[in-house]
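Trainee: First, the structure itself, so that you have it in front of you.
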Amino acid sequence: MKNSNEFGEYTSWPGRKTFKTEREMVISAVEEHDEDAIRDYLKPLVRHWAEAFKRSQAHLKLNDEELLEAGLKHLDFALKKYYEKIEKEKVGFKFSTYFEWFIRQGMVEYVKSLEG
């Protein structure tokens, strides 16, 4: 893979929530230590990127479940970083948009672990 830009830009999906709702989900996940709701919410987005990743890496035989888990690998870290931005009032984009980079990064790391 050349770089993560080959995946494309912002991804839309019918279930994407508003900025306010996503912000509330992040706050709830971090403050209540319960990320199940946001994990379930993000699964369609991770699935979208997993399918795109598999198409771009067709020469590899990638396991769907492992690839989905790799896409969610950095969820805890991403939630904490986004929450810090909320606290500093320096967030101007949806969490799902922010998390797309982390999804792709988790998948790249997964493939690298297979190679090494």
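Please note that chains go A, B, ... in the order of the structure tokens, that every chain numbers its residues from 1, and that ligands are numbered from 1 in the order shown.
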List the neighbours of Phe99 (chain A) out to 12 Å using only C-alpha atoms; skip same-chain residues closer than 6 positions along the sequence, and give me the result as a PyMOL selection string.
Mentor: chain A and resi 10-11+22+26+38-39+42-43+45-46+49+71-82+93+105-106
Trainee: A:Glu31, A:Glu109, A:Glu84, A:Glu89: which is nearest Glu66 (chain A), counting only C-alpha atoms?
Mentor: A:Glu109
Trainee: Which residues come within 9 Å of Phe53 (chain A), counting only C-alpha atoms, excluding same-chain residues fewer than 5 positions away, as number ranges by chain?
Mentor: A: 7, 48, 58, 67, 104, 107-108
Trainee: I need the residues from that last selection saved to file as a compact mmCIF listing (two decimals), in the first residue's frame (with N, CA and C atoms), if you can.
Mentor:
# COMPACT_ATOMS: atom_id res chain seq x y z
N PHE A 7 -7.49 5.56 0.15
CA PHE A 7 -8.82 5.15 0.58
C PHE A 7 -9.87 6.17 0.20
N HIS A 48 -17.37 -0.31 6.23
CA HIS A 48 -17.15 0.37 4.95
C HIS A 48 -15.65 0.44 4.63
N ALA A 58 -6.37 -6.47 -2.63
CA ALA A 58 -6.98 -7.72 -3.10
C ALA A 58 -6.00 -8.89 -3.14
N LEU A 67 -10.04 -7.90 10.47
CA LEU A 67 -9.92 -6.57 9.87
C LEU A 67 -10.87 -5.58 10.56
N ARG A 104 -8.33 3.45 9.53
CA ARG A 104 -7.36 3.10 8.48
C ARG A 104 -6.02 2.75 9.09
N MET A 107 -5.97 -0.77 10.42
CA MET A 107 -5.91 -1.77 9.35
C MET A 107 -4.51 -1.85 8.74
N VAL A 108 -3.86 -0.72 8.59
CA VAL A 108 -2.48 -0.70 8.08
C VAL A 108 -1.57 -1.46 9.05
Trainee: Could you pull out the alpha helix (DSSP H) residues of region 2-116 of chain A, going by DSSP on the backbone, and write them as JSON, numbers by chain?
Mentor: {"A": [19, 20, 21, 22, 23, 24, 25, 26, 27, 28, 29, 30, 31, 36, 37, 38, 39, 40, 41, 42, 43, 44, 45, 46, 47, 48, 49, 50, 51, 52, 53, 54, 55, 56, 64, 65, 66, 67, 68, 69, 70, 71, 75, 76, 77, 78, 79, 80, 81, 82, 83, 84, 85, 86, 87, 95, 96, 97, 98, 99, 100, 101, 102, 103, 104, 105, 106, 107, 108, 109, 110, 111, 112, 113, 114, 115]}
Trainee: Between A:Tyr98, A:Tyr110, A:Tyr83, A:Trp13, which residue has the minimum interatomic distance to Arg47 (chain A), considering only C-alpha atoms?
Mentor: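 With only C-alpha atoms as the atom set, the closest residue is A:Trp13.
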Trainee: Give the answer as one residue: which of A:Ile27, A:Ile86, A:Ser96, A:Phe102 has the shortest atom-to-atom distance to Gly15 (chain A), using only C-alpha atoms?
Mentor: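 Under the stated criterion, the closest residue is A:Ser96.
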Trainee: So what do you get for CA of Met25 (chain A) versus CA of Tyr41 (chain A), distance-wise?
Mentor: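 Here the two named atoms are 9.5 Å from each other.
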Trainee: For the atom pair CA of Lys90 (chain A) and CA of Arg23 (chain A), what is the interatomic distance in Å to one decimal place?
Mentor: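 Computed distance, CA of Lys90 (chain A) to CA of Arg23 (chain A), equals 12.3 Å.
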Trainee: Quick one: pull the distance between CA of Ser28 (chain A) and CA of Pro14 (chain A), Å, one decimal.
Mentor: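 So the two atoms, CA of Ser28 (chain A) and CA of Pro14 (chain A), lie 22.5 Å apart.
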